>>> print(open('structure_0.tsv').read())   # TSV, C-alpha atoms
chain	number	residue	atom	x	y	z
A	3	MET	CA	23.87	-55.99	-136.76
A	4	ALA	CA	21.57	-53.10	-137.42
A	5	GLU	CA	21.21	-52.09	-141.01
A	6	PRO	CA	22.70	-48.69	-141.65
A	7	ALA	CA	20.15	-45.96	-142.17
A	8	ARG	CA	19.50	-45.46	-145.84
A	9	PRO	CA	19.31	-41.96	-147.17
A	10	GLU	CA	15.80	-40.89	-148.12
A	11	ALA	CA	15.11	-40.84	-151.80
A	12	ALA	CA	15.48	-37.30	-153.02
A	13	GLY	CA	12.53	-36.82	-155.33
A	14	PRO	CA	12.01	-33.48	-157.06
A	15	GLU	CA	9.70	-32.27	-154.25
A	16	ARG	CA	12.41	-32.97	-151.66
A	17	VAL	CA	15.25	-31.17	-153.37
A	18	THR	CA	16.00	-27.82	-151.79
A	19	SER	CA	18.45	-25.82	-153.82
A	20	ALA	CA	20.78	-23.26	-152.32
A	21	GLU	CA	18.81	-20.56	-154.13
A	22	GLN	CA	15.54	-21.75	-152.58
A	23	ILE	CA	17.12	-21.74	-149.12
A	24	GLU	CA	18.40	-18.23	-149.76
A	25	VAL	CA	14.94	-17.03	-150.78
A	26	SER	CA	13.43	-18.64	-147.66
A	27	VAL	CA	16.02	-16.99	-145.43
A	28	ARG	CA	15.38	-13.59	-147.00
A	29	GLU	CA	11.62	-14.03	-146.66
A	30	ALA	CA	12.00	-15.04	-143.02
A	31	GLN	CA	14.28	-12.07	-142.39
A	32	SER	CA	11.78	-9.66	-143.95
A	33	ASP	CA	9.11	-10.89	-141.50
A	34	VAL	CA	11.29	-10.30	-138.44
A	35	VAL	CA	11.38	-6.75	-137.14
A	36	PRO	CA	14.93	-6.17	-135.81
A	37	ARG	CA	15.16	-4.74	-132.31
A	38	ASP	CA	17.16	-1.77	-133.63
A	39	THR	CA	14.41	-0.67	-136.02
A	40	GLY	CA	13.59	2.98	-135.38
A	41	ARG	CA	16.97	3.59	-133.80
A	42	TRP	CA	18.71	4.00	-137.14
A	43	ALA	CA	17.97	6.88	-139.48
A	44	ALA	CA	16.27	6.04	-142.74
A	45	LYS	CA	18.58	5.99	-145.74
A	46	VAL	CA	19.29	9.38	-147.28
A	47	ASP	CA	21.32	10.16	-150.37
A	48	ARG	CA	21.72	13.89	-149.77
A	49	LEU	CA	20.95	16.02	-146.74
A	50	GLU	CA	17.97	18.32	-146.61
A	51	VAL	CA	17.68	21.02	-143.98
A	52	GLU	CA	15.54	24.02	-143.17
A	53	GLN	CA	17.04	27.37	-142.20
A	54	ARG	CA	17.32	27.97	-138.44
A	55	ALA	CA	17.26	31.33	-136.70
A	56	GLY	CA	20.67	32.86	-136.13
A	57	MET	CA	22.55	30.23	-138.12
A	58	ARG	CA	24.25	30.77	-141.45
A	59	GLY	CA	23.09	27.30	-142.50
A	60	THR	CA	25.42	26.88	-145.43
A	61	ASN	CA	27.45	23.85	-146.56
A	62	VAL	CA	24.88	21.26	-145.49
A	63	ALA	CA	21.92	21.05	-147.89
A	64	GLY	CA	22.60	18.72	-150.80
A	65	ARG	CA	25.72	17.24	-149.21
A	66	ARG	CA	26.28	13.51	-148.91
A	67	LEU	CA	27.22	11.85	-145.64
A	68	THR	CA	30.83	10.80	-145.21
A	69	GLY	CA	32.08	7.92	-143.10
A	70	PRO	CA	35.70	6.97	-142.38
A	71	VAL	CA	35.78	5.06	-145.68
A	72	GLN	CA	35.24	8.31	-147.63
A	73	GLY	CA	37.77	10.44	-145.69
A	74	PHE	CA	41.32	11.38	-146.63
A	75	GLY	CA	43.63	11.51	-143.60
A	76	LYS	CA	44.89	9.01	-141.07
A	77	MET	CA	42.11	7.23	-139.22
A	78	TRP	CA	41.82	7.99	-135.53
A	79	GLN	CA	39.68	6.64	-132.74
A	80	LYS	CA	39.53	9.15	-129.92
A	81	THR	CA	37.71	8.40	-126.69
A	82	TYR	CA	36.83	10.97	-124.04
A	83	ARG	CA	35.52	9.29	-120.93
A	84	MET	CA	34.58	10.10	-117.35
A	85	THR	CA	32.64	8.50	-114.51
A	86	VAL	CA	29.65	10.25	-113.01
A	87	GLY	CA	29.09	8.26	-109.83
A	88	ASP	CA	26.62	5.53	-109.03
A	89	THR	CA	23.46	7.59	-108.60
A	90	VAL	CA	23.09	8.54	-112.28
A	91	THR	CA	21.88	5.72	-114.53
A	92	PRO	CA	23.23	5.44	-118.09
A	93	GLU	CA	19.76	6.22	-119.45
A	94	ALA	CA	19.47	9.36	-117.31
A	95	ALA	CA	22.94	10.52	-118.36
A	96	ILE	CA	22.10	10.12	-122.07
A	97	ALA	CA	18.66	11.72	-121.66
A	98	THR	CA	20.34	14.75	-120.07
A	99	TRP	CA	23.01	14.84	-122.76
A	100	LYS	CA	20.39	14.73	-125.54
A	101	ALA	CA	18.20	17.36	-123.90
A	102	HIS	CA	21.03	19.82	-123.25
A	103	PHE	CA	23.39	18.95	-126.09
A	104	PRO	CA	23.71	22.49	-127.54
A	105	GLU	CA	24.20	24.13	-124.12
A	106	LEU	CA	27.10	21.85	-123.24
A	107	TRP	CA	29.30	22.98	-126.11
A	108	PRO	CA	32.22	25.33	-125.38
A	109	LYS	CA	31.50	29.04	-125.81
A	110	GLY	CA	31.61	30.42	-129.33
A	111	ASN	CA	30.27	27.26	-130.95
A	112	ARG	CA	26.63	26.78	-131.86
A	113	PHE	CA	24.61	23.63	-132.49
A	114	ALA	CA	21.10	24.16	-133.86
A	115	GLY	CA	19.27	20.86	-133.85
A	116	ALA	CA	15.78	19.98	-134.94
A	117	LEU	CA	12.87	20.86	-132.70
A	118	THR	CA	12.41	17.17	-132.00
A	119	GLY	CA	15.76	17.10	-130.16
A	120	ILE	CA	18.13	14.33	-131.16
A	121	SER	CA	16.25	11.71	-133.14
A	122	PRO	CA	17.45	9.45	-135.95
A	123	GLY	CA	17.44	11.31	-139.27
A	124	ASP	CA	17.60	14.81	-137.76
A	125	VAL	CA	20.05	17.26	-139.30
A	126	ALA	CA	21.68	19.87	-137.07
A	127	LEU	CA	23.44	23.00	-138.25
A	128	LEU	CA	26.77	23.94	-136.69
A	129	ASP	CA	28.63	27.25	-136.51
A	130	LEU	CA	32.07	26.55	-135.11
A	131	ALA	CA	34.59	29.17	-133.96
A	132	ILE	CA	37.82	28.68	-135.92
A	133	GLY	CA	39.53	31.95	-134.99
A	134	GLY	CA	39.94	35.31	-136.69
A	135	GLY	CA	36.23	36.00	-136.26
A	136	VAL	CA	35.39	33.34	-138.83
A	137	LYS	CA	32.69	30.75	-138.17
A	138	LEU	CA	32.93	27.40	-139.89
A	139	SER	CA	29.42	26.52	-141.00
A	140	THR	CA	28.68	22.84	-141.36
A	141	GLY	CA	26.28	20.27	-139.94
A	142	VAL	CA	25.78	16.79	-138.58
A	143	PHE	CA	23.25	14.02	-139.13
A	144	VAL	CA	21.77	11.90	-136.34
A	145	LEU	CA	22.65	8.42	-137.55
A	146	TYR	CA	21.55	6.38	-134.56
A	147	ALA	CA	19.90	6.99	-131.21
A	148	ASP	CA	18.69	4.77	-128.40
A	149	ASP	CA	18.30	5.10	-124.63
A	150	ASP	CA	21.98	4.79	-123.80
A	151	SER	CA	23.74	6.12	-126.88
A	152	PHE	CA	23.45	8.32	-129.94
A	153	THR	CA	25.67	8.82	-132.97
A	154	LEU	CA	26.25	11.82	-135.22
A	155	MET	CA	27.66	11.45	-138.73
A	156	THR	CA	29.30	14.20	-140.75
A	157	PRO	CA	28.56	15.51	-144.25
A	158	GLN	CA	30.94	16.35	-147.10
A	159	GLY	CA	33.00	19.43	-146.29
A	160	HIS	CA	33.07	18.83	-142.53
A	161	MET	CA	36.51	18.80	-140.87
A	162	PHE	CA	36.37	15.07	-140.62
A	163	ALA	CA	34.62	12.15	-142.24
A	164	GLY	CA	33.24	9.80	-139.65
A	165	TRP	CA	31.00	9.69	-136.67
A	166	ILE	CA	30.88	10.48	-132.99
A	167	THR	CA	29.10	8.14	-130.61
A	168	PHE	CA	27.97	9.44	-127.24
A	169	SER	CA	27.23	6.63	-124.84
A	170	ALA	CA	26.87	5.69	-121.22
A	171	GLU	CA	27.31	2.36	-119.50
A	172	ARG	CA	27.24	0.92	-116.03
A	173	THR	CA	30.63	-0.31	-114.85
A	174	GLU	CA	31.12	-2.28	-111.63
A	175	SER	CA	31.25	0.79	-109.43
A	176	ALA	CA	29.78	3.70	-111.37
A	177	THR	CA	28.21	5.00	-114.54
A	178	ALA	CA	30.73	6.00	-117.22
A	179	VAL	CA	29.91	8.40	-120.04
A	180	GLN	CA	31.98	8.85	-123.14
A	181	ALA	CA	32.24	10.46	-126.54
A	182	GLN	CA	34.07	8.37	-129.10
A	183	VAL	CA	35.14	9.77	-132.44
A	184	LEU	CA	36.04	7.52	-135.38
A	185	MET	CA	37.35	9.79	-138.08
A	186	ARG	CA	39.64	10.73	-140.91
A	187	ALA	CA	40.31	14.35	-141.85
A	188	ASN	CA	38.10	14.94	-144.86
A	189	ASP	CA	40.75	16.39	-147.19
A	190	PRO	CA	44.45	17.34	-147.34
A	191	LEU	CA	43.84	20.87	-146.03
A	192	TYR	CA	41.98	19.58	-142.98
A	193	GLU	CA	44.68	16.93	-142.47
A	194	VAL	CA	47.29	19.67	-142.19
A	195	ALA	CA	45.03	21.69	-139.90
A	196	MET	CA	44.33	18.66	-137.68
A	197	THR	CA	48.03	17.82	-137.45
A	198	PHE	CA	49.00	21.38	-136.50
A	199	GLY	CA	46.65	22.03	-133.61
A	200	GLY	CA	43.32	20.67	-134.81
A	201	HIS	CA	43.52	17.45	-132.82
A	202	ARG	CA	44.51	19.36	-129.66
A	203	LYS	CA	41.62	21.77	-130.17
A	204	GLU	CA	39.22	18.90	-130.69
A	205	ASP	CA	40.47	17.17	-127.53
A	206	GLN	CA	39.84	20.36	-125.57
A	207	PHE	CA	36.41	20.74	-127.15
A	208	TRP	CA	35.15	17.33	-126.06
A	209	ALA	CA	36.87	17.46	-122.65
A	210	GLN	CA	35.10	20.77	-121.97
A	211	THR	CA	31.81	19.31	-123.21
A	212	LEU	CA	32.09	16.31	-120.88
A	213	THR	CA	33.04	18.56	-117.98
A	214	ALA	CA	29.93	20.65	-118.66
A	215	LEU	CA	27.85	17.45	-118.78
A	216	GLY	CA	29.34	16.39	-115.45
A	217	GLU	CA	28.24	19.68	-113.92
A	218	LYS	CA	24.76	19.20	-115.35
A	219	LEU	CA	24.63	15.73	-113.81
A	220	GLY	CA	25.71	17.07	-110.42
A	221	VAL	CA	29.31	15.85	-110.50
A	222	PRO	CA	31.42	18.95	-111.21
A	223	GLY	CA	35.18	18.78	-111.64
A	224	THR	CA	35.28	15.16	-112.80
A	225	GLU	CA	38.46	14.25	-114.63
A	226	VAL	CA	38.05	13.44	-118.33
A	227	GLN	CA	40.33	10.72	-119.65
A	228	THR	CA	41.39	10.93	-123.28
A	229	ARG	CA	42.57	7.91	-125.28
A	230	THR	CA	43.77	8.31	-128.84
A	231	VAL	CA	44.47	5.39	-131.16
A	232	CYS	CA	45.71	5.69	-134.73
A	233	VAL	CA	43.64	2.98	-136.42
A	234	ASP	CA	45.16	3.52	-139.86
A	235	SER	CA	48.27	5.56	-140.54
A	236	LYS	CA	47.71	5.52	-144.30
A	237	ARG	CA	46.16	8.49	-146.06
A	238	GLN	CA	43.58	7.82	-148.77
A	239	TRP	CA	44.88	9.94	-151.62
A	240	ARG	CA	42.06	8.83	-153.88
A	241	ASN	CA	39.83	11.05	-151.69
A	242	ALA	CA	42.02	14.17	-151.92
A	243	GLY	CA	39.39	15.71	-154.20
A	244	ASN	CA	37.12	16.09	-151.16
A	245	ILE	CA	38.79	19.48	-150.80
A	246	TRP	CA	36.26	20.84	-153.32
A	247	HIS	CA	33.59	20.67	-150.58
A	248	ASN	CA	35.82	22.08	-147.81
A	249	SER	CA	33.45	24.01	-145.53
A	250	MET	CA	36.30	25.96	-143.92
A	251	VAL	CA	37.37	27.47	-147.24
A	252	ARG	CA	33.76	28.04	-148.22
A	253	SER	CA	32.94	29.61	-144.84
A	254	VAL	CA	35.84	32.06	-145.19
A	255	LEU	CA	34.66	32.97	-148.69
A	256	GLN	CA	31.07	33.28	-147.45
A	257	THR	CA	32.24	35.57	-144.61
A	258	LEU	CA	34.19	37.78	-147.04
A	259	ALA	CA	31.27	37.88	-149.45
A	260	ALA	CA	28.67	38.54	-146.74
A	261	PRO	CA	28.51	42.37	-147.12
A	262	PHE	CA	28.10	42.09	-150.89
A	263	THR	CA	25.53	39.31	-150.58
A	264	ALA	CA	23.51	41.37	-148.09
A	265	ARG	CA	23.67	44.45	-150.38
A	266	ARG	CA	22.50	42.38	-153.36
A	267	ARG	CA	19.59	40.95	-151.34
A	268	ARG	CA	18.54	44.44	-150.23
A	269	ALA	CA	18.65	45.63	-153.84
A	270	GLN	CA	16.57	42.64	-154.96
A	271	ARG	CA	13.98	43.37	-152.27
A	272	ALA	CA	13.85	47.06	-153.27
A	273	ASP	CA	13.11	46.03	-156.88
B	13	MET	CA	27.50	-5.96	-117.00
B	14	ASP	CA	26.22	-8.50	-119.52
B	15	GLY	CA	28.66	-9.96	-122.01
B	16	PRO	CA	28.20	-9.74	-125.76
B	17	VAL	CA	25.47	-12.00	-127.18
B	18	VAL	CA	27.16	-13.11	-130.35
B	19	THR	CA	29.03	-16.03	-131.83
B	20	MET	CA	31.42	-15.82	-134.77
B	21	ASP	CA	32.42	-19.16	-136.22
B	22	VAL	CA	35.05	-19.43	-138.90
B	23	ARG	CA	34.84	-21.81	-141.84
B	24	HIS	CA	37.65	-22.19	-144.34
B	25	VAL	CA	36.35	-22.61	-147.87
B	26	GLY	CA	39.19	-23.66	-150.13
B	27	ASP	CA	42.75	-22.47	-149.68
B	28	ALA	CA	42.40	-18.75	-149.36
B	29	VAL	CA	38.82	-17.98	-148.40
B	30	ALA	CA	37.31	-17.88	-144.93
B	31	VAL	CA	33.67	-17.34	-144.04
B	32	VAL	CA	32.76	-15.88	-140.64
B	33	ASP	CA	29.24	-16.89	-139.55
B	34	ILE	CA	27.98	-14.07	-137.34
B	35	LYS	CA	25.04	-14.91	-135.10
B	36	GLY	CA	23.53	-12.54	-132.58
B	37	GLU	CA	24.21	-8.92	-131.72
B	38	VAL	CA	26.97	-6.86	-133.29
B	39	THR	CA	28.05	-4.04	-130.99
B	40	SER	CA	31.40	-2.57	-130.01
B	41	ALA	CA	31.39	-4.99	-127.06
B	42	CYS	CA	32.02	-7.91	-129.40
B	43	GLU	CA	35.21	-6.44	-130.89
B	44	PRO	CA	37.48	-9.02	-129.16
B	45	ILE	CA	35.33	-11.84	-130.58
B	46	LEU	CA	35.42	-10.42	-134.11
B	47	MET	CA	39.16	-9.79	-133.97
B	48	SER	CA	39.73	-13.28	-132.63
B	49	ALA	CA	37.61	-14.67	-135.50
B	50	TYR	CA	39.63	-12.51	-137.90
B	51	GLU	CA	42.91	-13.92	-136.53
B	52	GLU	CA	41.54	-17.44	-136.88
B	53	ALA	CA	40.39	-16.73	-140.41
B	54	GLY	CA	43.57	-15.00	-141.49
B	55	GLY	CA	46.01	-17.31	-139.78
B	56	GLN	CA	46.10	-19.74	-142.68
B	57	GLY	CA	47.06	-17.35	-145.42
B	58	THR	CA	43.51	-16.23	-146.12
B	59	SER	CA	43.34	-13.55	-148.75
B	60	ARG	CA	39.53	-13.28	-148.91
B	61	LEU	CA	37.16	-12.90	-146.01
B	62	VAL	CA	33.40	-13.25	-146.27
B	63	LEU	CA	31.09	-12.15	-143.46
B	64	ASN	CA	27.85	-14.10	-143.19
B	65	PHE	CA	25.16	-11.93	-141.59
B	66	ILE	CA	22.22	-14.32	-141.93
B	67	GLY	CA	22.15	-14.74	-138.16
B	68	LEU	CA	22.45	-11.02	-137.39
B	69	GLU	CA	19.81	-10.02	-134.84
B	70	TYR	CA	20.86	-6.56	-133.76
B	71	MET	CA	23.49	-3.98	-134.63
B	72	ASN	CA	24.17	-0.52	-133.21
B	73	SER	CA	26.52	2.22	-134.38
B	74	GLY	CA	29.35	0.73	-132.30
B	75	GLY	CA	29.00	-2.42	-134.39
B	76	ILE	CA	29.37	-0.47	-137.62
B	77	GLY	CA	32.47	1.24	-136.20
B	78	MET	CA	33.92	-2.15	-135.40
B	79	LEU	CA	33.39	-3.30	-138.99
B	80	VAL	CA	35.32	-0.21	-140.15
B	81	THR	CA	38.30	-1.17	-138.01
B	82	LEU	CA	38.06	-4.74	-139.35
B	83	LEU	CA	38.09	-3.29	-142.86
B	84	VAL	CA	41.28	-1.34	-142.09
B	85	ARG	CA	42.97	-4.49	-140.84
B	86	ALA	CA	41.88	-6.43	-143.91
B	87	ASN	CA	43.09	-3.66	-146.25
B	88	ARG	CA	46.43	-3.60	-144.46
B	89	GLN	CA	46.83	-7.34	-145.23
B	90	ARG	CA	45.54	-6.78	-148.79
B	91	GLN	CA	42.59	-9.06	-148.04
B	92	LYS	CA	39.28	-8.73	-149.86
B	93	LEU	CA	36.27	-8.29	-147.60
B	94	ALA	CA	32.70	-9.13	-148.62
B	95	ALA	CA	29.37	-9.72	-146.91
B	96	TYR	CA	26.15	-11.60	-147.56
B	97	GLY	CA	22.93	-12.50	-145.79
B	98	LEU	CA	22.04	-8.93	-144.83
B	99	SER	CA	18.32	-8.27	-144.50
B	100	ASP	CA	16.94	-5.20	-146.28
B	101	HIS	CA	17.11	-3.31	-142.98
B	102	TYR	CA	20.83	-3.96	-142.44
B	103	ARG	CA	21.61	-3.51	-146.13
B	104	GLU	CA	20.15	0.01	-145.85
B	105	ILE	CA	22.36	0.69	-142.84
B	106	PHE	CA	25.43	-0.36	-144.83
B	107	GLU	CA	24.31	2.02	-147.58
B	108	LEU	CA	23.50	4.86	-145.18
B	109	THR	CA	26.93	4.66	-143.55
B	110	ARG	CA	28.48	4.10	-146.99
B	111	LEU	CA	30.22	1.00	-145.74
B	112	ASP	CA	28.88	-0.78	-148.83
B	113	GLU	CA	31.41	1.20	-150.89
B	114	ALA	CA	34.22	-0.76	-149.22
B	115	ILE	CA	32.59	-4.05	-148.28
B	116	THR	CA	30.82	-5.56	-151.28
B	117	ILE	CA	27.43	-7.01	-150.41
B	118	TYR	CA	26.17	-10.17	-152.06
B	119	ASP	CA	22.82	-11.94	-151.86
B	120	ASN	CA	24.16	-15.33	-150.89
B	121	GLU	CA	27.28	-17.28	-150.08
B	122	ALA	CA	27.69	-18.72	-153.55
B	123	SER	CA	27.74	-15.29	-155.22
B	124	ALA	CA	29.99	-13.89	-152.47
B	125	LEU	CA	32.53	-16.65	-153.01
B	126	VAL	CA	32.49	-16.04	-156.76
B	127	GLY	CA	32.68	-12.26	-156.21
B	128	VAL	CA	35.72	-12.31	-153.94
B	129	ALA	CA	37.48	-14.73	-156.25
B	130	THR	CA	37.43	-12.31	-159.17
>>> encode(input="structure_0.tsv", output="structure tokens")
Amino acid sequence: MAEPARPEAAGPERVTSAEQIEVSVREAQSDVVPRDTGRWAAKVDRLEVEQRAGMRGTNVAGRRLTGPVQGFGKMWQKTYRMTVGDTVTPEAAIATWKAHFPELWPKGNRFAGALTGISPGDVALLDLAIGGGVKLSTGVFVLYADDDSFTLMTPQGHMFAGWITFSAERTESATAVQAQVLMRANDPLYEVAMTFGGHRKEDQFWAQTLTALGEKLGVPGTEVQTRTVCVDSKRQWRNAGNIWHNSMVRSVLQTLAAPFTARRRRAQRAD
Amino acid sequence: MDGPVVTMDVRHVGDAVAVVDIKGEVTSACEPILMSAYEEAGGQGTSRLVLNFIGLEYMNSGGIGMLVTLLVRANRQRQKLAAYGLSDHYREIFELTRLDEAITIYDNEASALVGVAT
């Protein structure tokens, strides 16, 4: 009968503690460059942005980013999707979307991105039509971008806390493009606004944007399918204080104050 | 279309803790695999779930979104969620997306197990 294998003597040089293994793993990880490096934005604590021509540019500088964890309202995942035939590749669809992103928005809304286009870490300023001649001034941050997708994340004060991912993929028969929003209304006021018409308006906004993209890609009149899932029906009352940053309220106040602000600036220049 | 390149193996550590060893690429395409791992982990009365990211090779924004939906499910079941084994690169992504405010990040499994127990 063969003698059972005896365990090797574990001298001090052979002992590998859990801590040592952990250090080795971390060292090994730090040597490996992940494939997604350069696709994610570098970490930022607060947004910085330069003024852009024709944009009010308020409610963005100094704000923190907000994900679904920081929002207030119910969490929704909304997907707007359409197929664009088999002649457009996913990469071509996303390249077109990135290049023409501001032009594809419905009339009355403005997106002023960085000169570099849509690259990780860019901050874009938004002026959104909310009715009554008032523009909601806010912004978005390019969180992630690669050849077949890009993601925008919202700052404090935006209507919702979360991100929108624009992507394209090859299905069996055609290329499909989609915008997918994962969001919570940022504060109680926005939650009310989203419940009473805001969600419908947002659905129209992205359906119109996809339709415009379809036209750009040479497939006009393509039907946009909308799928809405309530991921979490609970509201996060601990985040109700987000209302302090509400860009809608601030934009209304900024609109009302605009004539006085302009007069004060003129007076300061005259001095 | 290629399938997701990821494996998620569940280990039960003690009565109420499960560790999910994630190896490969975390994208929205692997949602069924993660949710299946979550069901396997939570099926035995697990109240604490630890995600092991030592084997993480790639993650896109869809992957982060998937972790948010996992977090919602865990919160609904009053389960604690923690993570360890993130490289500096992925730790920064957790901080950038502010996911680290809801999923506590630890350096190693031992500290994660102690952390979720308290």
>>> atom_distance(input="structure_0.tsv", atom1="atom CA of His24 of chain B", atom2="atom CA of Ser59 of chain B")
11.2 Å
>>> interface_residues(input="structure_0.tsv", of="chain B", to="chain A", cutoff="8 Å", atoms="all atoms listed in the file", output="PyMOL selection string")
chain B and resi 13+66+69-74+77+80-81+84+97+99-101+104-105+107-111+113-114+119-120
>>> atom_distance(input="structure_0.tsv", atom1="atom CA of Pro157 of chain A", atom2="atom CA of Leu255 of chain A")
19.0 Å
>>> atom_distance(input="structure_0.tsv", atom1="atom CA of Ala30 of chain B", atom2="atom CA of Ala95 of chain B")
11.6 Å
>>> closest_residue(input="structure_0.tsv", among="B:Tyr118, B:Tyr96, B:Tyr102, B:Tyr50", to="Val38 of chain B", atoms="only C-alpha atoms")
B:Tyr102
